[in-house]
$ cat structure.txt   # compact mmCIF, N, CA and C atoms and all ligand atoms
# COMPACT_ATOMS: atom_id res chain seq x y z
N MET R 9 0.84 -1.20 0.00
CA MET R 9 0.00 0.00 0.00
C MET R 9 0.88 1.26 0.00
N THR R 10 0.58 2.18 -0.88
CA THR R 10 1.37 3.41 -0.94
C THR R 10 0.53 4.58 -0.43
N ASN R 11 1.18 5.48 0.23
CA ASN R 11 0.49 6.69 0.67
C ASN R 11 0.55 7.74 -0.43
N HIS R 12 -0.57 8.41 -0.62
CA HIS R 12 -0.57 9.50 -1.59
C HIS R 12 0.14 10.71 -0.99
N ASP R 13 1.10 11.24 -1.71
CA ASP R 13 1.87 12.38 -1.20
C ASP R 13 1.10 13.67 -1.43
N THR R 14 0.37 14.14 -0.40
CA THR R 14 -0.46 15.34 -0.57
C THR R 14 0.36 16.63 -0.50
N THR R 15 1.62 16.56 -0.05
CA THR R 15 2.39 17.80 0.06
C THR R 15 2.79 18.35 -1.31
N SER R 16 2.77 17.50 -2.34
CA SER R 16 3.15 18.00 -3.65
C SER R 16 1.95 18.45 -4.48
N ASP R 17 0.75 18.28 -3.93
CA ASP R 17 -0.44 18.70 -4.66
C ASP R 17 -0.64 20.21 -4.53
N THR R 18 -1.14 20.82 -5.61
CA THR R 18 -1.55 22.21 -5.52
C THR R 18 -2.97 22.30 -6.03
N VAL R 19 -3.69 23.30 -5.57
CA VAL R 19 -5.06 23.48 -6.02
C VAL R 19 -5.29 24.95 -6.32
N GLU R 20 -5.87 25.21 -7.47
CA GLU R 20 -6.14 26.59 -7.86
C GLU R 20 -7.53 27.03 -7.42
N SER R 21 -8.47 26.09 -7.42
CA SER R 21 -9.82 26.47 -7.01
C SER R 21 -10.60 25.23 -6.62
N VAL R 22 -11.61 25.47 -5.79
CA VAL R 22 -12.57 24.43 -5.44
C VAL R 22 -13.95 25.05 -5.61
N THR R 23 -14.95 24.22 -5.68
CA THR R 23 -16.31 24.73 -5.78
C THR R 23 -16.92 24.80 -4.38
N ALA R 24 -17.57 25.92 -4.07
CA ALA R 24 -18.18 26.08 -2.76
C ALA R 24 -19.49 26.84 -2.89
N ALA R 25 -20.42 26.55 -1.99
CA ALA R 25 -21.66 27.32 -1.94
C ALA R 25 -21.34 28.73 -1.48
N PRO R 26 -22.01 29.75 -2.04
CA PRO R 26 -21.69 31.13 -1.68
C PRO R 26 -21.73 31.39 -0.17
N ALA R 27 -22.71 30.81 0.52
CA ALA R 27 -22.82 31.07 1.96
C ALA R 27 -21.59 30.57 2.70
N GLN R 28 -21.03 29.46 2.24
CA GLN R 28 -19.82 28.94 2.89
C GLN R 28 -18.60 29.74 2.45
N LEU R 29 -18.57 30.11 1.19
CA LEU R 29 -17.43 30.84 0.65
C LEU R 29 -17.21 32.17 1.36
N PHE R 30 -18.28 32.90 1.64
CA PHE R 30 -18.13 34.25 2.17
C PHE R 30 -18.21 34.31 3.69
N THR R 31 -18.50 33.21 4.36
CA THR R 31 -18.49 33.22 5.83
C THR R 31 -17.06 33.36 6.32
N GLY R 32 -16.83 34.36 7.14
CA GLY R 32 -15.50 34.55 7.71
C GLY R 32 -14.56 35.36 6.86
N VAL R 33 -15.02 35.80 5.70
CA VAL R 33 -14.17 36.63 4.84
C VAL R 33 -13.94 37.98 5.52
N GLY R 34 -12.71 38.39 5.58
CA GLY R 34 -12.36 39.65 6.21
C GLY R 34 -12.85 40.84 5.41
N ILE R 35 -13.17 41.92 6.11
CA ILE R 35 -13.69 43.09 5.43
C ILE R 35 -13.09 44.34 6.02
N GLY R 36 -12.81 45.30 5.15
CA GLY R 36 -12.33 46.59 5.60
C GLY R 36 -10.89 46.56 6.07
N LEU R 37 -10.49 47.65 6.65
CA LEU R 37 -9.14 47.79 7.18
C LEU R 37 -9.07 47.05 8.51
N PRO R 38 -7.86 46.79 9.02
CA PRO R 38 -7.77 46.11 10.32
C PRO R 38 -8.22 47.01 11.47
N SER R 39 -9.52 47.26 11.52
CA SER R 39 -10.10 48.04 12.61
C SER R 39 -11.45 47.42 12.90
N LEU R 40 -12.13 47.90 13.91
CA LEU R 40 -13.41 47.29 14.28
C LEU R 40 -14.59 48.12 13.80
N THR R 41 -14.35 49.02 12.84
CA THR R 41 -15.45 49.72 12.21
C THR R 41 -15.23 49.75 10.70
N VAL R 42 -16.34 49.80 9.98
CA VAL R 42 -16.31 49.96 8.52
C VAL R 42 -17.23 51.15 8.24
N ILE R 43 -16.87 51.96 7.25
CA ILE R 43 -17.70 53.11 6.90
C ILE R 43 -18.55 52.76 5.68
N CYS R 44 -19.86 53.01 5.78
CA CYS R 44 -20.76 52.80 4.64
C CYS R 44 -20.25 53.62 3.46
N SER R 45 -20.13 52.99 2.29
CA SER R 45 -19.56 53.70 1.15
C SER R 45 -20.53 54.73 0.56
N ARG R 46 -21.77 54.74 1.03
CA ARG R 46 -22.74 55.71 0.50
C ARG R 46 -23.05 56.84 1.46
N CYS R 47 -23.29 56.50 2.76
CA CYS R 47 -23.73 57.56 3.69
C CYS R 47 -22.73 57.83 4.81
N ASP R 48 -21.57 57.16 4.78
CA ASP R 48 -20.52 57.37 5.77
C ASP R 48 -20.89 56.94 7.19
N LYS R 49 -21.98 56.19 7.33
CA LYS R 49 -22.34 55.68 8.66
C LYS R 49 -21.28 54.68 9.12
N ARG R 50 -20.94 54.74 10.42
CA ARG R 50 -19.98 53.78 10.98
C ARG R 50 -20.69 52.47 11.28
N LEU R 51 -20.13 51.37 10.80
CA LEU R 51 -20.73 50.05 10.98
C LEU R 51 -19.79 49.21 11.84
N GLN R 52 -20.36 48.44 12.73
CA GLN R 52 -19.53 47.62 13.63
C GLN R 52 -20.14 46.26 13.84
N GLU R 53 -19.50 45.49 14.68
CA GLU R 53 -19.92 44.12 14.96
C GLU R 53 -21.42 44.05 15.23
N GLY R 54 -22.09 43.11 14.58
CA GLY R 54 -23.53 42.92 14.79
C GLY R 54 -24.39 43.65 13.78
N ASP R 55 -23.83 44.66 13.08
CA ASP R 55 -24.62 45.41 12.10
C ASP R 55 -24.82 44.59 10.82
N SER R 56 -25.98 44.80 10.19
CA SER R 56 -26.25 44.21 8.89
C SER R 56 -25.60 45.07 7.81
N VAL R 57 -24.98 44.43 6.86
CA VAL R 57 -24.32 45.15 5.78
C VAL R 57 -24.64 44.48 4.45
N SER R 58 -24.36 45.20 3.38
CA SER R 58 -24.46 44.65 2.03
C SER R 58 -23.11 44.89 1.38
N VAL R 59 -22.50 43.84 0.86
CA VAL R 59 -21.21 44.01 0.19
C VAL R 59 -21.31 43.59 -1.26
N TYR R 60 -20.42 44.14 -2.05
CA TYR R 60 -20.28 43.79 -3.45
C TYR R 60 -19.03 42.93 -3.55
N ALA R 61 -19.16 41.74 -4.13
CA ALA R 61 -18.01 40.85 -4.29
C ALA R 61 -17.85 40.53 -5.77
N TYR R 62 -16.61 40.40 -6.21
CA TYR R 62 -16.37 40.14 -7.64
C TYR R 62 -15.17 39.24 -7.83
N ARG R 63 -15.17 38.56 -8.97
CA ARG R 63 -14.06 37.69 -9.33
C ARG R 63 -13.83 37.81 -10.83
N PRO R 64 -12.64 38.28 -11.25
CA PRO R 64 -12.34 38.34 -12.68
C PRO R 64 -12.40 36.93 -13.27
N ALA R 65 -12.90 36.82 -14.52
CA ALA R 65 -13.10 35.50 -15.13
C ALA R 65 -11.81 34.69 -15.20
N GLU R 66 -10.67 35.35 -15.33
CA GLU R 66 -9.41 34.63 -15.48
C GLU R 66 -8.81 34.20 -14.13
N GLY R 67 -9.43 34.61 -13.02
CA GLY R 67 -8.86 34.29 -11.71
C GLY R 67 -9.80 33.43 -10.89
N SER R 68 -9.27 32.90 -9.76
CA SER R 68 -10.11 32.10 -8.88
C SER R 68 -10.40 32.83 -7.58
N GLN R 69 -9.76 33.98 -7.39
CA GLN R 69 -9.90 34.73 -6.14
C GLN R 69 -11.09 35.68 -6.19
N TRP R 70 -11.90 35.68 -5.12
CA TRP R 70 -12.98 36.65 -4.97
C TRP R 70 -12.47 37.84 -4.18
N TYR R 71 -12.93 39.01 -4.55
CA TYR R 71 -12.55 40.24 -3.85
C TYR R 71 -13.81 40.91 -3.32
N ILE R 72 -13.68 41.51 -2.15
CA ILE R 72 -14.81 42.25 -1.56
C ILE R 72 -14.63 43.72 -1.91
N GLY R 73 -15.68 44.28 -2.49
CA GLY R 73 -15.63 45.68 -2.87
C GLY R 73 -16.40 46.54 -1.88
N ARG R 74 -17.24 47.39 -2.37
CA ARG R 74 -17.96 48.35 -1.54
C ARG R 74 -18.79 47.67 -0.46
N CYS R 75 -18.84 48.31 0.70
CA CYS R 75 -19.66 47.84 1.82
C CYS R 75 -20.64 48.95 2.17
N CYS R 76 -21.93 48.60 2.21
CA CYS R 76 -22.96 49.59 2.54
C CYS R 76 -23.72 49.16 3.79
N CYS R 77 -24.31 50.13 4.47
CA CYS R 77 -25.24 49.81 5.55
C CYS R 77 -26.53 49.27 4.92
N SER R 78 -27.37 48.64 5.74
CA SER R 78 -28.56 47.98 5.17
C SER R 78 -29.55 48.98 4.58
N SER R 79 -29.60 50.21 5.07
CA SER R 79 -30.56 51.15 4.50
C SER R 79 -30.11 51.73 3.17
N CYS R 80 -28.81 51.71 2.89
CA CYS R 80 -28.31 52.21 1.60
C CYS R 80 -28.19 51.10 0.56
N ALA R 81 -28.30 49.84 1.00
CA ALA R 81 -27.90 48.72 0.15
C ALA R 81 -28.82 48.53 -1.05
N PRO R 82 -28.25 48.50 -2.24
CA PRO R 82 -29.02 48.09 -3.40
C PRO R 82 -29.11 46.57 -3.41
N ASP R 83 -30.28 46.01 -3.70
CA ASP R 83 -30.40 44.56 -3.73
C ASP R 83 -29.87 43.98 -5.03
N GLN R 84 -29.86 44.78 -6.07
CA GLN R 84 -29.49 44.28 -7.39
C GLN R 84 -28.14 44.84 -7.81
N LEU R 85 -27.57 44.21 -8.83
CA LEU R 85 -26.36 44.72 -9.45
C LEU R 85 -26.83 45.68 -10.54
N THR R 86 -26.54 46.95 -10.37
CA THR R 86 -27.10 47.93 -11.29
C THR R 86 -26.43 47.90 -12.66
N ALA R 87 -25.13 47.68 -12.71
CA ALA R 87 -24.43 47.67 -14.00
C ALA R 87 -23.39 46.56 -14.01
N PRO R 88 -23.82 45.31 -14.29
CA PRO R 88 -22.86 44.19 -14.29
C PRO R 88 -21.74 44.44 -15.30
N THR R 89 -20.55 43.96 -14.97
CA THR R 89 -19.39 44.13 -15.83
C THR R 89 -19.10 42.83 -16.58
N LEU R 90 -18.96 42.94 -17.89
CA LEU R 90 -18.65 41.78 -18.71
C LEU R 90 -17.28 41.22 -18.31
N GLY R 91 -17.19 39.90 -18.21
CA GLY R 91 -15.91 39.28 -17.90
C GLY R 91 -15.63 39.14 -16.42
N THR R 92 -16.64 39.45 -15.59
CA THR R 92 -16.45 39.38 -14.15
C THR R 92 -17.65 38.71 -13.51
N SER R 93 -17.42 37.76 -12.61
CA SER R 93 -18.50 37.23 -11.78
C SER R 93 -18.71 38.21 -10.63
N GLU R 94 -19.95 38.57 -10.38
CA GLU R 94 -20.23 39.56 -9.35
C GLU R 94 -21.41 39.13 -8.52
N CYS R 95 -21.42 39.47 -7.26
CA CYS R 95 -22.63 39.30 -6.47
C CYS R 95 -22.76 40.33 -5.38
N ARG R 96 -24.00 40.50 -4.96
CA ARG R 96 -24.30 41.32 -3.80
C ARG R 96 -24.66 40.36 -2.68
N ILE R 97 -24.15 40.65 -1.51
CA ILE R 97 -24.33 39.75 -0.37
C ILE R 97 -24.82 40.55 0.82
N ASN R 98 -25.90 40.09 1.44
CA ASN R 98 -26.31 40.63 2.73
C ASN R 98 -25.68 39.76 3.80
N ALA R 99 -25.12 40.39 4.82
CA ALA R 99 -24.45 39.63 5.88
C ALA R 99 -24.44 40.47 7.15
N ARG R 100 -23.93 39.86 8.22
CA ARG R 100 -23.70 40.61 9.45
C ARG R 100 -22.20 40.69 9.69
N LEU R 101 -21.80 41.74 10.41
CA LEU R 101 -20.40 41.89 10.75
C LEU R 101 -20.11 41.17 12.06
N ALA R 102 -18.99 40.48 12.11
CA ALA R 102 -18.55 39.81 13.34
C ALA R 102 -17.07 40.10 13.52
N THR R 103 -16.59 39.91 14.73
CA THR R 103 -15.18 40.16 15.03
C THR R 103 -14.40 38.86 15.02
N VAL R 104 -13.26 38.87 14.35
CA VAL R 104 -12.32 37.76 14.40
C VAL R 104 -11.16 38.21 15.28
N SER R 105 -10.81 37.40 16.26
CA SER R 105 -9.72 37.77 17.17
C SER R 105 -8.60 36.75 17.11
N GLU R 106 -7.40 37.28 16.90
CA GLU R 106 -6.21 36.45 17.01
C GLU R 106 -5.62 36.82 18.37
N VAL R 107 -5.99 36.05 19.38
CA VAL R 107 -5.78 36.47 20.77
C VAL R 107 -4.31 36.65 21.11
N THR R 108 -3.47 35.74 20.67
CA THR R 108 -2.06 35.84 21.06
C THR R 108 -1.40 37.09 20.50
N ALA R 109 -1.86 37.55 19.32
CA ALA R 109 -1.29 38.76 18.73
C ALA R 109 -2.09 40.00 19.09
N GLN R 110 -3.16 39.82 19.86
CA GLN R 110 -4.05 40.95 20.20
C GLN R 110 -4.51 41.68 18.93
N HIS R 111 -4.85 40.90 17.92
CA HIS R 111 -5.28 41.48 16.65
C HIS R 111 -6.75 41.15 16.43
N HIS R 112 -7.54 42.18 16.16
CA HIS R 112 -8.97 41.98 15.96
C HIS R 112 -9.38 42.63 14.65
N SER R 113 -10.24 41.97 13.90
CA SER R 113 -10.71 42.57 12.65
C SER R 113 -12.13 42.09 12.38
N LEU R 114 -12.75 42.69 11.38
CA LEU R 114 -14.14 42.36 11.06
C LEU R 114 -14.21 41.33 9.94
N CYS R 115 -15.23 40.49 10.01
CA CYS R 115 -15.48 39.55 8.93
C CYS R 115 -16.99 39.43 8.73
N LEU R 116 -17.37 38.69 7.71
CA LEU R 116 -18.78 38.49 7.40
C LEU R 116 -19.28 37.19 8.01
N ILE R 117 -20.50 37.22 8.55
CA ILE R 117 -21.17 35.99 8.95
C ILE R 117 -22.58 36.00 8.40
N LYS R 118 -23.20 34.86 8.33
CA LYS R 118 -24.55 34.66 7.82
C LYS R 118 -24.77 35.35 6.45
N PRO R 119 -23.87 35.10 5.50
CA PRO R 119 -24.02 35.74 4.20
C PRO R 119 -25.17 35.14 3.39
N ALA R 120 -25.88 35.99 2.68
CA ALA R 120 -26.93 35.55 1.76
C ALA R 120 -26.76 36.31 0.46
N VAL R 121 -26.63 35.60 -0.63
CA VAL R 121 -26.45 36.24 -1.93
C VAL R 121 -27.80 36.76 -2.42
N THR R 122 -27.89 38.05 -2.71
CA THR R 122 -29.15 38.64 -3.17
C THR R 122 -29.17 38.87 -4.67
N ALA R 123 -28.00 38.90 -5.29
CA ALA R 123 -27.94 39.08 -6.75
C ALA R 123 -26.65 38.49 -7.25
N PHE R 124 -26.69 37.92 -8.45
CA PHE R 124 -25.48 37.34 -9.04
C PHE R 124 -25.47 37.64 -10.53
N ALA R 125 -24.30 37.96 -11.05
CA ALA R 125 -24.13 38.15 -12.49
C ALA R 125 -22.92 37.34 -12.94
N SER R 126 -23.10 36.50 -13.94
CA SER R 126 -22.00 35.69 -14.45
C SER R 126 -21.13 36.53 -15.38
N PRO R 127 -19.92 36.05 -15.72
CA PRO R 127 -19.02 36.84 -16.57
C PRO R 127 -19.59 37.17 -17.95
N THR R 128 -20.60 36.39 -18.39
CA THR R 128 -21.13 36.63 -19.73
C THR R 128 -22.25 37.66 -19.76
N THR R 129 -22.66 38.17 -18.61
CA THR R 129 -23.68 39.21 -18.60
C THR R 129 -23.02 40.56 -18.33
N GLY R 130 -23.72 41.61 -18.77
CA GLY R 130 -23.25 42.95 -18.47
C GLY R 130 -22.58 43.63 -19.64
N THR R 131 -22.10 44.80 -19.36
CA THR R 131 -21.47 45.62 -20.36
C THR R 131 -20.06 45.97 -19.92
N ARG R 132 -19.20 46.17 -20.86
CA ARG R 132 -17.83 46.56 -20.54
C ARG R 132 -17.84 48.01 -20.08
N SER R 133 -17.19 48.30 -18.97
CA SER R 133 -17.21 49.68 -18.48
C SER R 133 -15.87 50.36 -18.69
ZN ZN P 1 -25.37 53.85 4.40
$ encode --input "structure.txt" --output "structure tokens" --more "lines below"
Ligand SMILES: [Zn+2]
Amino acid sequence: MTNHDTTSDTVESVTAAPAQLFTGVGIGLPSLTVICSRCDKRLQEGDSVSVYAYRPAEGSQWYIGRCCCSSCAPDQLTAPTLGTSECRINARLATVSEVTAQHHSLCLIKPAVTAFASPTTGTRS
């Protein structure tokens, strides 16, 4: 019997449900507040937010873009970009703590995708 050598394996991407993919994703600067990109309201742990997430078609990495408070949040993608996977996500802010380093930052919990656009929809901007 031979053991499979997993240390030499590399993986570029895996498939995941959006709710699992975006749970725990860090958001904003390393501080415990995020500013709404529309009304400048300060958002903190426990607040509901809406974020814009995107992934260029040629990459496997998702990026978090604008973060809005729930009252400013658009539910839809107003102008999808061709060649990019995009979604809007409603979530709550939670704190992640790295206790030994005394480092605390915000992440997303309970994400729900409210809109999605595949790379083949939208217009080039
Ligand atoms: Zn706002």
$ residues_around --input "structure.txt" --residues "Gly54 (chain R)" --least-positions-apart "4" --cutoff "7 Å" --atoms "only N, CA and C atoms" --output "JSON, numbers by chain"
{"R": [100, 101, 102, 103]}
$ closest_residue --input "structure.txt" --among "R:Pro64, R:Gly36, R:Gly91, R:Pro127" --to "Leu51 (chain R)" --atoms "only C-alpha atoms"
R:Gly36
$ residues_near_ligand --input "structure.txt" --ligand "ligand ZN 1 (chain P)" --cutoff "7 Å" --atoms "only C-alpha atoms and all ligand atoms" --output "list in words"
Cys44, Ser45, Arg46, Cys47, Asp48, Lys49, Cys76, Cys77, Ser78, Ser79 and Cys80 of chain R
$ residues_around --input "structure.txt" --residues "Val59 (chain R)" --least-positions-apart "6" --cutoff "7 Å" --atoms "all atoms listed in the file" --output "ChimeraX atom specification"
/R:72-76,95-99
$ select_by_dssp --input "structure.txt" --residues "region 13-122 of chain R" --states "alpha helix (DSSP H)" --output "MDAnalysis selection string"
chainID R and resid 26:30
$ select_by_dssp --input "structure.txt" --residues "region 34-103 of chain R" --states "strand (DSSP E)" --output "compact mmCIF listing (two decimals) with N, CA and C atoms, keeping the file's coordinate frame"
# COMPACT_ATOMS: atom_id res chain seq x y z
N GLY R 34 -12.71 38.39 5.58
CA GLY R 34 -12.36 39.65 6.21
C GLY R 34 -12.85 40.84 5.41
N ILE R 35 -13.17 41.92 6.11
CA ILE R 35 -13.69 43.09 5.43
C ILE R 35 -13.09 44.34 6.02
N VAL R 42 -16.34 49.80 9.98
CA VAL R 42 -16.31 49.96 8.52
C VAL R 42 -17.23 51.15 8.24
N ILE R 43 -16.87 51.96 7.25
CA ILE R 43 -17.70 53.11 6.90
C ILE R 43 -18.55 52.76 5.68
N ARG R 50 -20.94 54.74 10.42
CA ARG R 50 -19.98 53.78 10.98
C ARG R 50 -20.69 52.47 11.28
N LEU R 51 -20.13 51.37 10.80
CA LEU R 51 -20.73 50.05 10.98
C LEU R 51 -19.79 49.21 11.84
N SER R 56 -25.98 44.80 10.19
CA SER R 56 -26.25 44.21 8.89
C SER R 56 -25.60 45.07 7.81
N VAL R 57 -24.98 44.43 6.86
CA VAL R 57 -24.32 45.15 5.78
C VAL R 57 -24.64 44.48 4.45
N SER R 58 -24.36 45.20 3.38
CA SER R 58 -24.46 44.65 2.03
C SER R 58 -23.11 44.89 1.38
N VAL R 59 -22.50 43.84 0.86
CA VAL R 59 -21.21 44.01 0.19
C VAL R 59 -21.31 43.59 -1.26
N TYR R 60 -20.42 44.14 -2.05
CA TYR R 60 -20.28 43.79 -3.45
C TYR R 60 -19.03 42.93 -3.55
N ALA R 61 -19.16 41.74 -4.13
CA ALA R 61 -18.01 40.85 -4.29
C ALA R 61 -17.85 40.53 -5.77
N TYR R 62 -16.61 40.40 -6.21
CA TYR R 62 -16.37 40.14 -7.64
C TYR R 62 -15.17 39.24 -7.83
N ARG R 63 -15.17 38.56 -8.97
CA ARG R 63 -14.06 37.69 -9.33
C ARG R 63 -13.83 37.81 -10.83
N PRO R 64 -12.64 38.28 -11.25
CA PRO R 64 -12.34 38.34 -12.68
C PRO R 64 -12.40 36.93 -13.27
N TYR R 71 -12.93 39.01 -4.55
CA TYR R 71 -12.55 40.24 -3.85
C TYR R 71 -13.81 40.91 -3.32
N ILE R 72 -13.68 41.51 -2.15
CA ILE R 72 -14.81 42.25 -1.56
C ILE R 72 -14.63 43.72 -1.91
N GLY R 73 -15.68 44.28 -2.49
CA GLY R 73 -15.63 45.68 -2.87
C GLY R 73 -16.40 46.54 -1.88
N ARG R 74 -17.24 47.39 -2.37
CA ARG R 74 -17.96 48.35 -1.54
C ARG R 74 -18.79 47.67 -0.46
N CYS R 75 -18.84 48.31 0.70
CA CYS R 75 -19.66 47.84 1.82
C CYS R 75 -20.64 48.95 2.17
N CYS R 76 -21.93 48.60 2.21
CA CYS R 76 -22.96 49.59 2.54
C CYS R 76 -23.72 49.16 3.79
N CYS R 77 -24.31 50.13 4.47
CA CYS R 77 -25.24 49.81 5.55
C CYS R 77 -26.53 49.27 4.92
N THR R 92 -16.64 39.45 -15.59
CA THR R 92 -16.45 39.38 -14.15
C THR R 92 -17.65 38.71 -13.51
N SER R 93 -17.42 37.76 -12.61
CA SER R 93 -18.50 37.23 -11.78
C SER R 93 -18.71 38.21 -10.63
N GLU R 94 -19.95 38.57 -10.38
CA GLU R 94 -20.23 39.56 -9.35
C GLU R 94 -21.41 39.13 -8.52
N CYS R 95 -21.42 39.47 -7.26
CA CYS R 95 -22.63 39.30 -6.47
C CYS R 95 -22.76 40.33 -5.38
N ARG R 96 -24.00 40.50 -4.96
CA ARG R 96 -24.30 41.32 -3.80
C ARG R 96 -24.66 40.36 -2.68
N ILE R 97 -24.15 40.65 -1.51
CA ILE R 97 -24.33 39.75 -0.37
C ILE R 97 -24.82 40.55 0.82
N ASN R 98 -25.90 40.09 1.44
CA ASN R 98 -26.31 40.63 2.73
C ASN R 98 -25.68 39.76 3.80
N ALA R 99 -25.12 40.39 4.82
CA ALA R 99 -24.45 39.63 5.88
C ALA R 99 -24.44 40.47 7.15
N ARG R 100 -23.93 39.86 8.22
CA ARG R 100 -23.70 40.61 9.45
C ARG R 100 -22.20 40.69 9.69
N LEU R 101 -21.80 41.74 10.41
CA LEU R 101 -20.40 41.89 10.75
C LEU R 101 -20.11 41.17 12.06
N ALA R 102 -18.99 40.48 12.11
CA ALA R 102 -18.55 39.81 13.34
C ALA R 102 -17.07 40.10 13.52
N THR R 103 -16.59 39.91 14.73
CA THR R 103 -15.18 40.16 15.03
C THR R 103 -14.40 38.86 15.02
$ closest_residue --input "structure.txt" --among "R:Gln52, R:Pro82, R:Pro38, R:Gln69" --to "Val22 (chain R)" --atoms "only C-alpha atoms"
R:Gln69
$ atom_distance --input "structure.txt" --atom1 "atom N of Leu114 (chain R)" --atom2 "atom N of Thr86 (chain R)"
26.1 Å
$ closest_residue --input "structure.txt" --among "R:Ile43, R:Ala109, R:Leu85, R:Val33" --to "Ala123 (chain R)" --atoms "only N, CA and C atoms"
R:Leu85
$ atom_distance --input "structure.txt" --atom1 "atom C of Trp70 (chain R)" --atom2 "atom C of Ser93 (chain R)"
9.0 Å
$ residues_around --input "structure.txt" --residues "Glu94 (chain R)" --least-positions-apart "2" --cutoff "6.5 Å" --atoms "only N, CA and C atoms" --output "list in words"
Ala61, Tyr62, Arg63, Thr92, Arg96, Ala123, Phe124, Ala125, Ser126 and Pro127 of chain R
$ atom_distance --input "structure.txt" --atom1 "atom C of Cys115 (chain R)" --atom2 "atom N of Val19 (chain R)"
25.3 Å
$ closest_residue --input "structure.txt" --among "R:Ile35, R:Leu40, R:Ala81, R:Ala25" --to "Leu116 (chain R)" --atoms "all atoms listed in the file"
R:Ile35
$ closest_residue --input "structure.txt" --among "R:Leu29, R:Asp17, R:Gly34, R:Ala24" --to "Ser113 (chain R)" --atoms "all atoms listed in the file"
R:Gly34
